[in-house]
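Data first, discussion second: the structure below is written as structure tokens.
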Amino acid sequence: MTKVHLRFLSALFAVAFLFPANAYADAFDNWVRDFWPTARAAGVSANTYNAAFAGVRPDETILKSASNQAEFVRPIWSYLDSAISEKRLSNGKQKLIEYRSTLDAIEARYGVDRHIVVAVWGMESSYGAVLDNPKIVKSVIRSLATLAYADRRRKKFGRTQLVAALKILERGDIDPAGMTGSWAGAMGHTQFIPTTYQAYAVDFDGDGRRNIWTSIPDALGSTAAYLKKMGWRTGETWGYEVVLPSNFNYELADEKTQRTLAEWNRLGVGRTGSRAFPRPTDKAGLFMPSGARGPAFLLLKNFRVIKRYNNANSYALAVGHLGDRLRGGDTFAKSWPRDAKPLTRSDKKALQQLLQAKGLYNGAIDGKIGVRSRAAIRQYQNKIGHIPDGYASTDILGKLKGS
């Protein structure tokens, strides 16, 4: 958002504080009127449009959430601790029993593992518990209109999702009051944004409406339908925790480089507990989210499918592991390096700059530790006699600053 726009909005908020029915309300009302032709062209009726925007005003808390770029970085083990808490495990096991017949039917139709479907439900809304929290759940129309009207970076996203949300209302799946979601418009038990809902939501309970807000069968069925469309492989898992040999070549530690499980086995990489891989021809990439000191995983195709739901390795690992735990699996065999402090985005940029100054890195200074950054870190680790796992740690940053 530009400084001029910020000053403009600040002035409007100031005037609105003194005169409730004033320039700020008028400006937004004008925007709503100007947006109407876009909605009409998408097939939204005037009745639906007027009902959707009745009493709607921008939500300042949405803009605060949208602009919040916290410098604090949560360690992956802390994220997993909360994602796979004892309460979430206990509640998830209860849901597996409560919705057994529904999950039987979902598995039969889509071939997606019920434990993964329920894990997504647990991750996205704590099995629906957060839907009762007014501090989290907001009007989707208000949230998206706020983004479309006042957020410079998310304006295009807001407009696209707002049109999709209006089309959902037009179809009659839900009314405006019932269309609730996150500040960014993710809706219902399993948090579909409107365009994803439009493309993939299903009427699993057969009542003529796709209702992911109050129909558990529709919400879970929609999740399974989406994962299936994204390429879920029936009967396969997401990945395995593995043990690396003492002489392991860490140049191979890149989840984007795929080898068969049999090939990994020949390199000395095996499952924990000395268990065999059930399908040695499956291809996988090696993932070491906390470097050589933490657990290592071979990630299969279904892991990448889970990431289509939320494109973060930590999220997909949490869903996969929660699903395993709901099935009765164990915790990870190797402990996390809980004494390690994760790097902030600023720290990572500094790390890249220092590696660049040493002639080891020629990529963008963006704070994103990708293939190039990890390769540069490995080169530096080799030079100083450290295990070349490519992990961006505070220890490596400190050594770079002191060298």
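By order of appearance in the structure tokens: chains A, B, ..., then residues from 1 within every chain, and ligands from 1 in the order shown.
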Would you give me, as a short mmCIF file (atom, residue, chain, number, x, y, z; two decimals) with N, CA, C and O atoms, in the first residue's frame, the residues in segment 8-207 of chain A that DSSP reads as helix (DSSP H, G or I)?
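Saved to result-v9.cif:
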data_model
loop_
_atom_site.label_atom_id
_atom_site.label_comp_id
_atom_site.auth_asym_id
_atom_site.auth_seq_id
_atom_site.Cartn_x
_atom_site.Cartn_y
_atom_site.Cartn_z
N PHE A 8 -4.51 8.63 2.67
CA PHE A 8 -5.91 8.78 2.27
C PHE A 8 -6.83 7.98 3.19
O PHE A 8 -7.84 8.50 3.69
N LEU A 9 -6.45 6.71 3.43
CA LEU A 9 -7.27 5.88 4.32
C LEU A 9 -7.29 6.43 5.73
O LEU A 9 -8.33 6.43 6.40
N SER A 10 -6.13 6.90 6.21
CA SER A 10 -6.07 7.46 7.56
C SER A 10 -7.01 8.65 7.69
O SER A 10 -7.70 8.82 8.69
N ALA A 11 -7.01 9.48 6.64
CA ALA A 11 -7.89 10.65 6.68
C ALA A 11 -9.35 10.22 6.70
O ALA A 11 -10.17 10.77 7.43
N LEU A 12 -9.66 9.19 5.90
CA LEU A 12 -11.04 8.71 5.87
C LEU A 12 -11.45 8.14 7.23
O LEU A 12 -12.55 8.40 7.72
N PHE A 13 -10.55 7.35 7.85
CA PHE A 13 -10.85 6.79 9.17
C PHE A 13 -11.05 7.90 10.19
O PHE A 13 -11.91 7.83 11.05
N ALA A 14 -10.24 8.96 10.09
CA ALA A 14 -10.36 10.08 11.03
C ALA A 14 -11.70 10.77 10.88
O ALA A 14 -12.37 11.10 11.85
N VAL A 15 -12.10 11.00 9.63
CA VAL A 15 -13.38 11.65 9.39
C VAL A 15 -14.52 10.75 9.83
O VAL A 15 -15.50 11.18 10.43
N ALA A 16 -14.36 9.43 9.54
CA ALA A 16 -15.41 8.48 9.91
C ALA A 16 -15.62 8.45 11.41
O ALA A 16 -16.72 8.25 11.89
N PHE A 17 -14.52 8.65 12.17
CA PHE A 17 -14.63 8.65 13.62
C PHE A 17 -15.50 9.81 14.10
O PHE A 17 -16.26 9.70 15.06
N LEU A 18 -15.37 10.97 13.41
CA LEU A 18 -16.13 12.15 13.83
C LEU A 18 -17.55 12.14 13.26
O LEU A 18 -18.50 12.58 13.91
N ALA A 23 -17.61 10.58 4.58
CA ALA A 23 -16.82 10.31 3.39
C ALA A 23 -16.32 8.88 3.31
O ALA A 23 -16.28 8.29 2.23
N TYR A 24 -15.93 8.31 4.45
CA TYR A 24 -15.39 6.94 4.43
C TYR A 24 -16.46 5.96 3.97
O TYR A 24 -16.22 5.13 3.09
N ALA A 25 -17.65 6.05 4.58
CA ALA A 25 -18.75 5.17 4.18
C ALA A 25 -19.13 5.42 2.73
O ALA A 25 -19.38 4.48 1.98
N ASP A 26 -19.15 6.70 2.33
CA ASP A 26 -19.51 7.02 0.95
C ASP A 26 -18.51 6.44 -0.03
O ASP A 26 -18.88 5.93 -1.09
N ALA A 27 -17.20 6.51 0.31
CA ALA A 27 -16.17 6.00 -0.59
C ALA A 27 -16.32 4.49 -0.79
O ALA A 27 -16.19 3.99 -1.90
N PHE A 28 -16.58 3.78 0.30
CA PHE A 28 -16.75 2.34 0.17
C PHE A 28 -18.03 2.02 -0.59
O PHE A 28 -18.05 1.12 -1.44
N ASP A 29 -19.11 2.75 -0.30
CA ASP A 29 -20.37 2.53 -1.02
C ASP A 29 -20.17 2.76 -2.52
O ASP A 29 -20.73 2.03 -3.35
N ASN A 30 -19.40 3.76 -2.86
CA ASN A 30 -19.11 4.02 -4.27
C ASN A 30 -18.34 2.85 -4.89
O ASN A 30 -18.59 2.45 -6.04
N TRP A 31 -17.39 2.29 -4.11
CA TRP A 31 -16.64 1.14 -4.61
C TRP A 31 -17.57 -0.05 -4.83
O TRP A 31 -17.45 -0.76 -5.85
N VAL A 32 -18.49 -0.28 -3.89
CA VAL A 32 -19.45 -1.39 -4.03
C VAL A 32 -20.29 -1.19 -5.29
O VAL A 32 -20.52 -2.13 -6.06
N ARG A 33 -20.74 0.04 -5.54
CA ARG A 33 -21.52 0.31 -6.76
C ARG A 33 -20.68 0.08 -8.01
O ARG A 33 -21.15 -0.49 -9.00
N ASP A 34 -19.41 0.49 -7.95
CA ASP A 34 -18.54 0.32 -9.11
C ASP A 34 -18.20 -1.15 -9.38
O ASP A 34 -17.89 -1.52 -10.52
N PHE A 35 -18.23 -1.96 -8.33
CA PHE A 35 -17.90 -3.38 -8.48
C PHE A 35 -19.07 -4.18 -9.02
O PHE A 35 -18.88 -5.29 -9.53
N TRP A 36 -20.26 -3.64 -8.94
CA TRP A 36 -21.47 -4.37 -9.34
C TRP A 36 -21.41 -4.88 -10.78
O TRP A 36 -21.73 -6.05 -11.03
N PRO A 37 -20.97 -4.09 -11.78
CA PRO A 37 -20.92 -4.64 -13.14
C PRO A 37 -20.03 -5.88 -13.27
O PRO A 37 -20.33 -6.79 -14.05
N THR A 38 -18.94 -5.93 -12.49
CA THR A 38 -18.07 -7.11 -12.50
C THR A 38 -18.82 -8.33 -11.99
O THR A 38 -18.74 -9.43 -12.58
N ALA A 39 -19.56 -8.16 -10.92
CA ALA A 39 -20.33 -9.28 -10.36
C ALA A 39 -21.46 -9.68 -11.30
O ALA A 39 -21.71 -10.87 -11.51
N ARG A 40 -22.12 -8.69 -11.87
CA ARG A 40 -23.23 -8.99 -12.79
C ARG A 40 -22.73 -9.77 -14.00
O ARG A 40 -23.38 -10.73 -14.44
N ALA A 41 -21.57 -9.39 -14.53
CA ALA A 41 -21.01 -10.09 -15.69
C ALA A 41 -20.68 -11.54 -15.35
O ALA A 41 -20.63 -12.39 -16.26
N ALA A 46 -28.89 -8.99 -8.95
CA ALA A 46 -28.93 -7.79 -8.10
C ALA A 46 -29.41 -8.14 -6.69
O ALA A 46 -28.91 -7.59 -5.70
N ASN A 47 -30.36 -9.05 -6.60
CA ASN A 47 -30.86 -9.45 -5.27
C ASN A 47 -29.75 -10.07 -4.43
O ASN A 47 -29.60 -9.75 -3.24
N THR A 48 -28.99 -10.97 -5.04
CA THR A 48 -27.89 -11.61 -4.31
C THR A 48 -26.85 -10.58 -3.92
O THR A 48 -26.34 -10.59 -2.79
N TYR A 49 -26.51 -9.69 -4.83
CA TYR A 49 -25.49 -8.68 -4.58
C TYR A 49 -25.90 -7.75 -3.45
O TYR A 49 -25.13 -7.48 -2.52
N ASN A 50 -27.13 -7.28 -3.51
CA ASN A 50 -27.61 -6.35 -2.46
C ASN A 50 -27.67 -7.04 -1.10
O ASN A 50 -27.32 -6.45 -0.07
N ALA A 51 -28.11 -8.31 -1.08
CA ALA A 51 -28.18 -9.04 0.18
C ALA A 51 -26.78 -9.27 0.75
O ALA A 51 -26.55 -9.18 1.96
N ALA A 52 -25.83 -9.56 -0.13
CA ALA A 52 -24.46 -9.84 0.32
C ALA A 52 -23.82 -8.61 0.96
O ALA A 52 -23.09 -8.73 1.94
N PHE A 53 -24.10 -7.41 0.41
CA PHE A 53 -23.44 -6.19 0.89
C PHE A 53 -24.28 -5.37 1.87
O PHE A 53 -23.85 -4.30 2.30
N GLU A 60 -11.12 -3.14 9.58
CA GLU A 60 -9.74 -2.72 9.81
C GLU A 60 -8.86 -3.89 10.28
O GLU A 60 -7.67 -3.93 10.00
N THR A 61 -9.45 -4.84 11.02
CA THR A 61 -8.65 -5.96 11.51
C THR A 61 -8.14 -6.83 10.36
O THR A 61 -7.10 -7.48 10.49
N ILE A 62 -8.88 -6.85 9.25
CA ILE A 62 -8.44 -7.60 8.08
C ILE A 62 -7.17 -7.00 7.52
O ILE A 62 -6.21 -7.70 7.18
N LEU A 63 -7.13 -5.67 7.43
CA LEU A 63 -5.94 -5.00 6.91
C LEU A 63 -4.74 -5.22 7.83
O LEU A 63 -3.61 -5.36 7.36
N LYS A 64 -4.99 -5.27 9.13
CA LYS A 64 -3.89 -5.52 10.06
C LYS A 64 -3.35 -6.92 9.88
O LYS A 64 -2.14 -7.15 9.89
N SER A 65 -4.26 -7.90 9.71
CA SER A 65 -3.82 -9.28 9.49
C SER A 65 -3.06 -9.40 8.17
O SER A 65 -2.04 -10.09 8.08
N ALA A 66 -3.55 -8.71 7.14
CA ALA A 66 -2.93 -8.80 5.82
C ALA A 66 -1.54 -8.19 5.80
O ALA A 66 -0.66 -8.63 5.05
N SER A 67 -1.32 -7.17 6.63
CA SER A 67 -0.02 -6.48 6.62
C SER A 67 0.94 -7.00 7.67
O SER A 67 2.06 -6.54 7.76
N ILE A 76 10.08 -25.60 13.51
CA ILE A 76 9.17 -26.62 12.99
C ILE A 76 8.69 -27.55 14.09
O ILE A 76 7.55 -28.00 14.09
N TRP A 77 9.56 -27.84 15.08
CA TRP A 77 9.14 -28.74 16.16
C TRP A 77 8.06 -28.09 17.03
O TRP A 77 7.18 -28.78 17.52
N SER A 78 8.13 -26.79 17.20
CA SER A 78 7.09 -26.09 17.96
C SER A 78 5.77 -26.13 17.21
O SER A 78 4.70 -26.34 17.80
N TYR A 79 5.84 -25.92 15.90
CA TYR A 79 4.65 -26.01 15.04
C TYR A 79 4.03 -27.39 15.13
O TYR A 79 2.81 -27.54 15.29
N LEU A 80 4.87 -28.42 15.05
CA LEU A 80 4.36 -29.79 15.10
C LEU A 80 3.81 -30.14 16.48
O LEU A 80 2.83 -30.90 16.59
N ASP A 81 4.41 -29.60 17.53
CA ASP A 81 3.91 -29.86 18.88
C ASP A 81 2.45 -29.44 19.02
O ASP A 81 1.63 -30.17 19.59
N SER A 82 2.13 -28.25 18.50
CA SER A 82 0.75 -27.76 18.61
C SER A 82 -0.16 -28.43 17.59
O SER A 82 -1.33 -28.69 17.86
N ALA A 83 0.39 -28.71 16.40
CA ALA A 83 -0.42 -29.33 15.36
C ALA A 83 -0.83 -30.75 15.75
O ALA A 83 -1.92 -31.21 15.38
N GLU A 86 -1.92 -33.69 22.14
CA GLU A 86 -2.70 -34.81 22.66
C GLU A 86 -4.20 -34.58 22.48
O GLU A 86 -4.95 -35.50 22.18
N LYS A 87 -4.62 -33.33 22.65
CA LYS A 87 -6.04 -33.01 22.48
C LYS A 87 -6.47 -33.22 21.04
O LYS A 87 -7.54 -33.79 20.77
N ARG A 88 -5.64 -32.78 20.09
CA ARG A 88 -6.01 -32.97 18.68
C ARG A 88 -6.02 -34.45 18.31
O ARG A 88 -6.87 -34.90 17.53
N LEU A 89 -5.09 -35.20 18.86
CA LEU A 89 -5.08 -36.65 18.62
C LEU A 89 -6.33 -37.31 19.18
O LEU A 89 -6.99 -38.11 18.51
N SER A 90 -6.64 -36.98 20.42
CA SER A 90 -7.81 -37.57 21.08
C SER A 90 -9.10 -37.23 20.34
O SER A 90 -9.93 -38.10 20.06
N ASN A 91 -9.26 -35.95 20.00
CA ASN A 91 -10.47 -35.53 19.29
C ASN A 91 -10.54 -36.16 17.90
O ASN A 91 -11.63 -36.55 17.44
N GLY A 92 -9.39 -36.27 17.25
CA GLY A 92 -9.37 -36.88 15.92
C GLY A 92 -9.79 -38.34 15.94
O GLY A 92 -10.52 -38.81 15.06
N LYS A 93 -9.33 -39.06 16.94
CA LYS A 93 -9.71 -40.47 17.06
C LYS A 93 -11.21 -40.61 17.31
O LYS A 93 -11.85 -41.54 16.80
N GLN A 94 -11.76 -39.68 18.08
CA GLN A 94 -13.21 -39.68 18.30
C GLN A 94 -13.96 -39.42 17.01
O GLN A 94 -14.99 -40.04 16.72
N LYS A 95 -13.45 -38.47 16.20
CA LYS A 95 -14.10 -38.15 14.93
C LYS A 95 -14.04 -39.33 13.97
O LYS A 95 -14.98 -39.58 13.20
N LEU A 96 -12.95 -40.09 14.00
CA LEU A 96 -12.85 -41.27 13.14
C LEU A 96 -13.93 -42.29 13.48
O LEU A 96 -14.48 -42.96 12.59
N ILE A 97 -14.24 -42.39 14.76
CA ILE A 97 -15.31 -43.31 15.18
C ILE A 97 -16.67 -42.72 14.84
O ILE A 97 -17.54 -43.40 14.28
N GLU A 98 -16.87 -41.45 15.17
CA GLU A 98 -18.17 -40.80 14.97
C GLU A 98 -18.58 -40.78 13.50
O GLU A 98 -19.77 -40.96 13.18
N ARG A 100 -17.40 -42.79 11.01
CA ARG A 100 -16.85 -43.98 10.36
C ARG A 100 -17.59 -44.30 9.06
O ARG A 100 -16.95 -44.54 8.02
N SER A 101 -18.91 -44.31 9.08
CA SER A 101 -19.65 -44.70 7.87
C SER A 101 -19.45 -43.66 6.76
O SER A 101 -19.33 -44.02 5.58
N THR A 102 -19.40 -42.38 7.13
CA THR A 102 -19.16 -41.33 6.14
C THR A 102 -17.77 -41.49 5.53
O THR A 102 -17.59 -41.39 4.31
N LEU A 103 -16.79 -41.75 6.37
CA LEU A 103 -15.41 -41.91 5.88
C LEU A 103 -15.27 -43.19 5.05
O LEU A 103 -14.48 -43.22 4.09
N ASP A 104 -16.03 -44.24 5.39
CA ASP A 104 -16.05 -45.45 4.55
C ASP A 104 -16.47 -45.08 3.13
O ASP A 104 -15.85 -45.50 2.15
N ALA A 105 -17.55 -44.28 3.03
CA ALA A 105 -18.09 -43.90 1.73
C ALA A 105 -17.13 -42.97 0.99
O ALA A 105 -16.97 -43.07 -0.24
N ILE A 106 -16.47 -42.08 1.71
CA ILE A 106 -15.52 -41.15 1.09
C ILE A 106 -14.32 -41.90 0.54
O ILE A 106 -13.87 -41.67 -0.59
N GLU A 107 -13.79 -42.84 1.33
CA GLU A 107 -12.66 -43.65 0.84
C GLU A 107 -13.06 -44.47 -0.38
O GLU A 107 -12.28 -44.59 -1.33
N ALA A 108 -14.27 -45.02 -0.36
CA ALA A 108 -14.73 -45.84 -1.48
C ALA A 108 -14.85 -45.01 -2.76
O ALA A 108 -14.54 -45.50 -3.85
N ARG A 109 -15.29 -43.76 -2.63
CA ARG A 109 -15.50 -42.94 -3.82
C ARG A 109 -14.20 -42.31 -4.32
O ARG A 109 -13.97 -42.27 -5.53
N TYR A 110 -13.35 -41.83 -3.42
CA TYR A 110 -12.18 -41.05 -3.85
C TYR A 110 -10.84 -41.74 -3.62
O TYR A 110 -9.84 -41.30 -4.19
N ARG A 114 -8.61 -42.00 4.92
CA ARG A 114 -9.45 -41.27 5.88
C ARG A 114 -8.64 -40.54 6.93
O ARG A 114 -9.04 -39.49 7.41
N HIS A 115 -7.50 -41.11 7.31
CA HIS A 115 -6.70 -40.49 8.35
C HIS A 115 -6.10 -39.16 7.88
O HIS A 115 -5.96 -38.23 8.67
N ILE A 116 -5.79 -39.08 6.59
CA ILE A 116 -5.30 -37.83 6.02
C ILE A 116 -6.44 -36.81 5.93
O ILE A 116 -6.26 -35.63 6.25
N VAL A 117 -7.61 -37.26 5.52
CA VAL A 117 -8.77 -36.36 5.44
C VAL A 117 -9.09 -35.77 6.81
O VAL A 117 -9.29 -34.56 6.96
N VAL A 118 -9.11 -36.62 7.83
CA VAL A 118 -9.41 -36.15 9.18
C VAL A 118 -8.26 -35.28 9.71
O VAL A 118 -8.48 -34.30 10.43
N ALA A 119 -7.03 -35.60 9.32
CA ALA A 119 -5.89 -34.78 9.73
C ALA A 119 -6.00 -33.36 9.15
O ALA A 119 -5.72 -32.37 9.84
N VAL A 120 -6.41 -33.26 7.89
CA VAL A 120 -6.62 -31.93 7.29
C VAL A 120 -7.70 -31.18 8.07
O VAL A 120 -7.55 -30.00 8.38
N TRP A 121 -8.77 -31.86 8.40
CA TRP A 121 -9.86 -31.26 9.17
C TRP A 121 -9.33 -30.74 10.51
O TRP A 121 -9.62 -29.62 10.92
N GLY A 122 -8.52 -31.57 11.17
CA GLY A 122 -7.95 -31.15 12.44
C GLY A 122 -7.03 -29.96 12.31
O GLY A 122 -7.05 -29.04 13.13
N MET A 123 -6.19 -29.95 11.27
CA MET A 123 -5.27 -28.85 11.06
C MET A 123 -5.98 -27.56 10.70
O MET A 123 -5.61 -26.47 11.15
N GLU A 124 -7.01 -27.67 9.88
CA GLU A 124 -7.65 -26.46 9.35
C GLU A 124 -8.62 -25.79 10.31
O GLU A 124 -8.73 -24.57 10.32
N SER A 125 -9.32 -26.56 11.12
CA SER A 125 -10.31 -25.93 12.00
C SER A 125 -10.46 -26.62 13.34
O SER A 125 -11.45 -26.39 14.05
N ALA A 129 -13.96 -26.74 15.71
CA ALA A 129 -14.04 -25.98 16.96
C ALA A 129 -13.82 -24.49 16.75
O ALA A 129 -14.47 -23.66 17.40
N VAL A 130 -12.91 -24.12 15.82
CA VAL A 130 -12.63 -22.68 15.65
C VAL A 130 -13.77 -21.94 14.98
O VAL A 130 -13.83 -20.71 15.01
N LEU A 131 -14.70 -22.68 14.37
CA LEU A 131 -15.81 -22.02 13.68
C LEU A 131 -16.74 -21.32 14.65
O LEU A 131 -17.57 -20.50 14.24
N ASP A 132 -16.62 -21.63 15.93
CA ASP A 132 -17.43 -20.97 16.95
C ASP A 132 -16.72 -19.79 17.60
O ASP A 132 -17.25 -19.19 18.52
N VAL A 140 -17.19 -13.67 5.15
CA VAL A 140 -16.32 -13.82 3.98
C VAL A 140 -16.49 -12.64 3.02
O VAL A 140 -15.51 -12.12 2.48
N ILE A 141 -17.72 -12.21 2.83
CA ILE A 141 -17.96 -11.07 1.92
C ILE A 141 -17.25 -9.83 2.46
O ILE A 141 -16.57 -9.11 1.71
N ARG A 142 -17.36 -9.57 3.75
CA ARG A 142 -16.72 -8.39 4.32
C ARG A 142 -15.20 -8.49 4.22
O ARG A 142 -14.53 -7.52 3.86
N SER A 143 -14.66 -9.66 4.52
CA SER A 143 -13.20 -9.85 4.47
C SER A 143 -12.67 -9.62 3.06
O SER A 143 -11.70 -8.87 2.85
N LEU A 144 -13.30 -10.27 2.09
CA LEU A 144 -12.80 -10.17 0.72
C LEU A 144 -13.04 -8.79 0.13
O LEU A 144 -12.21 -8.28 -0.64
N ALA A 145 -14.15 -8.16 0.49
CA ALA A 145 -14.41 -6.80 0.01
C ALA A 145 -13.36 -5.84 0.59
O ALA A 145 -12.90 -4.92 -0.10
N THR A 146 -12.99 -6.05 1.84
CA THR A 146 -11.96 -5.22 2.45
C THR A 146 -10.63 -5.36 1.71
O THR A 146 -9.96 -4.36 1.40
N LEU A 147 -10.24 -6.60 1.40
CA LEU A 147 -9.00 -6.82 0.66
C LEU A 147 -9.07 -6.21 -0.74
O LEU A 147 -8.12 -5.58 -1.21
N ALA A 148 -10.21 -6.42 -1.40
CA ALA A 148 -10.37 -5.91 -2.76
C ALA A 148 -10.39 -4.39 -2.81
O ALA A 148 -9.89 -3.77 -3.76
N TYR A 149 -10.93 -3.77 -1.78
CA TYR A 149 -11.07 -2.32 -1.73
C TYR A 149 -9.82 -1.60 -1.23
O TYR A 149 -9.41 -0.58 -1.80
N ALA A 150 -9.17 -2.15 -0.20
CA ALA A 150 -8.16 -1.37 0.52
C ALA A 150 -6.77 -1.98 0.63
O ALA A 150 -5.87 -1.33 1.12
N LYS A 155 -5.31 -6.94 -3.66
CA LYS A 155 -6.52 -6.44 -4.32
C LYS A 155 -7.01 -7.41 -5.39
O LYS A 155 -8.21 -7.72 -5.45
N LYS A 156 -6.11 -7.90 -6.23
CA LYS A 156 -6.52 -8.83 -7.29
C LYS A 156 -7.09 -10.11 -6.70
O LYS A 156 -8.13 -10.61 -7.14
N PHE A 157 -6.39 -10.65 -5.68
CA PHE A 157 -6.89 -11.85 -4.99
C PHE A 157 -8.27 -11.58 -4.41
O PHE A 157 -9.19 -12.38 -4.57
N GLY A 158 -8.42 -10.45 -3.74
CA GLY A 158 -9.70 -10.12 -3.12
C GLY A 158 -10.83 -10.04 -4.13
O GLY A 158 -11.93 -10.56 -3.89
N ARG A 159 -10.59 -9.40 -5.26
CA ARG A 159 -11.62 -9.27 -6.29
C ARG A 159 -12.01 -10.64 -6.87
O ARG A 159 -13.20 -10.95 -7.02
N THR A 160 -10.99 -11.45 -7.17
CA THR A 160 -11.27 -12.77 -7.74
C THR A 160 -12.06 -13.64 -6.78
O THR A 160 -13.06 -14.28 -7.16
N GLN A 161 -11.64 -13.66 -5.52
CA GLN A 161 -12.32 -14.49 -4.53
C GLN A 161 -13.71 -13.94 -4.19
O GLN A 161 -14.64 -14.70 -3.91
N LEU A 162 -13.85 -12.62 -4.21
CA LEU A 162 -15.15 -12.02 -3.92
C LEU A 162 -16.17 -12.41 -4.98
O LEU A 162 -17.32 -12.76 -4.66
N VAL A 163 -15.78 -12.38 -6.24
CA VAL A 163 -16.69 -12.81 -7.31
C VAL A 163 -17.09 -14.26 -7.11
O VAL A 163 -18.28 -14.63 -7.23
N ALA A 164 -16.11 -15.12 -6.79
CA ALA A 164 -16.42 -16.54 -6.57
C ALA A 164 -17.36 -16.71 -5.38
O ALA A 164 -18.29 -17.54 -5.43
N ALA A 165 -17.14 -15.94 -4.31
CA ALA A 165 -18.02 -16.03 -3.13
C ALA A 165 -19.44 -15.60 -3.48
O ALA A 165 -20.43 -16.23 -3.05
N LEU A 166 -19.57 -14.56 -4.27
CA LEU A 166 -20.91 -14.09 -4.68
C LEU A 166 -21.61 -15.14 -5.54
O LEU A 166 -22.83 -15.34 -5.43
N LYS A 167 -20.85 -15.85 -6.37
CA LYS A 167 -21.44 -16.90 -7.19
C LYS A 167 -21.91 -18.07 -6.34
O LYS A 167 -22.91 -18.74 -6.66
N ILE A 168 -21.20 -18.34 -5.24
CA ILE A 168 -21.64 -19.38 -4.31
C ILE A 168 -22.98 -18.99 -3.68
O ILE A 168 -23.90 -19.81 -3.56
N LEU A 169 -23.09 -17.72 -3.30
CA LEU A 169 -24.37 -17.23 -2.75
C LEU A 169 -25.47 -17.31 -3.80
O LEU A 169 -26.61 -17.68 -3.48
N GLU A 170 -25.13 -16.97 -5.02
CA GLU A 170 -26.11 -17.01 -6.11
C GLU A 170 -26.65 -18.43 -6.30
O GLU A 170 -27.84 -18.62 -6.56
N ARG A 171 -25.76 -19.40 -6.17
CA ARG A 171 -26.17 -20.80 -6.34
C ARG A 171 -27.08 -21.27 -5.20
O ARG A 171 -27.83 -22.23 -5.36
N PRO A 194 -12.90 -19.40 -1.90
CA PRO A 194 -14.06 -19.52 -2.80
C PRO A 194 -13.77 -20.14 -4.16
O PRO A 194 -14.58 -20.94 -4.65
N THR A 195 -12.65 -19.80 -4.81
CA THR A 195 -12.39 -20.38 -6.13
C THR A 195 -12.13 -21.89 -6.03
O THR A 195 -12.54 -22.64 -6.92
N THR A 196 -11.47 -22.33 -4.97
CA THR A 196 -11.25 -23.76 -4.78
C THR A 196 -12.58 -24.46 -4.50
O THR A 196 -12.85 -25.55 -5.01
N TYR A 197 -13.42 -23.82 -3.70
CA TYR A 197 -14.76 -24.35 -3.44
C TYR A 197 -15.51 -24.51 -4.76
O TYR A 197 -16.11 -25.56 -5.02
N GLN A 198 -15.50 -23.45 -5.57
CA GLN A 198 -16.23 -23.49 -6.84
C GLN A 198 -15.79 -24.67 -7.70
O GLN A 198 -16.60 -25.33 -8.34
N ALA A 199 -14.49 -24.93 -7.72
CA ALA A 199 -13.95 -25.95 -8.60
C ALA A 199 -14.06 -27.37 -8.04
O ALA A 199 -14.21 -28.32 -8.82
N TYR A 200 -13.99 -27.52 -6.71
CA TYR A 200 -13.81 -28.87 -6.17
C TYR A 200 -14.80 -29.30 -5.08
O TYR A 200 -14.84 -30.48 -4.74
#
Item checked: Contact residues around Lys401 of chain A with only C-alpha atoms at 12 Å, ignoring same-chain residues under 6 positions, as a PyMOL selection string -> chain A and resi 347+350-355+357-358+394-395
I need the residues from that last selection saved to file as a PDB file, in the first residue's frame (with C-alpha atoms), if you can.
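File out.pdb, as written:
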ATOM      1  CA  ASP A 347      18.861 -13.345   9.359  1.00  0.00           C
ATOM      2  CA  ALA A 350      22.163 -11.585   5.988  1.00  0.00           C
ATOM      3  CA  LEU A 351      23.330 -15.176   5.547  1.00  0.00           C
ATOM      4  CA  GLN A 352      22.831 -14.954   1.776  1.00  0.00           C
ATOM      5  CA  GLN A 353      24.695 -11.637   1.626  1.00  0.00           C
ATOM      6  CA  LEU A 354      27.649 -13.071   3.559  1.00  0.00           C
ATOM      7  CA  LEU A 355      27.753 -16.177   1.349  1.00  0.00           C
ATOM      8  CA  ALA A 357      30.493 -11.830  -0.368  1.00  0.00           C
ATOM      9  CA  LYS A 358      32.571 -15.023  -0.167  1.00  0.00           C
ATOM     10  CA  THR A 394      22.405 -19.480  13.748  1.00  0.00           C
ATOM     11  CA  ASP A 395      25.730 -21.275  14.194  1.00  0.00           C
TER      12      ASP A 395
END
Note to self: Just to confirm, what's the straight-line distance from atom CA of Ile174 of chain A to atom CA of Thr214 of chain A in Å (one decimal)?
What the structure shows: 9.8 Å
Next item on the list: Give me, please, the distance in Å between atom CA of Lys348 of chain A and atom CA of Ile369 of chain A, quoted to one decimal.
Entry: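 Taking atom CA of Lys348 of chain A as the start and atom CA of Ile369 of chain A as the end point, the length is 7.3 Å.
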Notebook entry, point to check: What's the 12 Å shell around Gln381 of chain A, counting only C-alpha atoms, without same-chain residues fewer than 2 positions away, as a count of residues only?
Noted result: 26
Margin query: Going by DSSP on the backbone, which residues of segment 209-250 of chain A come out as strand (DSSP E or B)? List them as a VMD selection string.
Written below: chain A and resid 239 to 243
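Atom to atom, atom CA of Ala225 of chain A and atom CA of Asn313 of chain A stand 21.5 Å apart.
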Check: Which residue out of A:Gly128, A:Pro289, A:Trp238, A:Gly367 has the minimum interatomic distance to Ala316 of chain A when only C-alpha atoms are used?
Finding: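 Checking each candidate against Ala316 of chain A, we get A:Trp238 as the closest.
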Checklist line | Non-local contacts of segment 242-245 of chain A (10 Å; only C-alpha atoms; under 6 positions in same chain excluded) as a ChimeraX atom specification | finding: /A:264-265,267-275,286-287,292,295-298,332-334
Note to self: Which residues are close to Phe204 of chain A, i.e. within 8 Å by only C-alpha atoms, leaving aside same-chain residues fewer than 3 positions away? Reply as a PyMOL selection string.
What the structure shows: chain A and resi 210+217-218+221-222
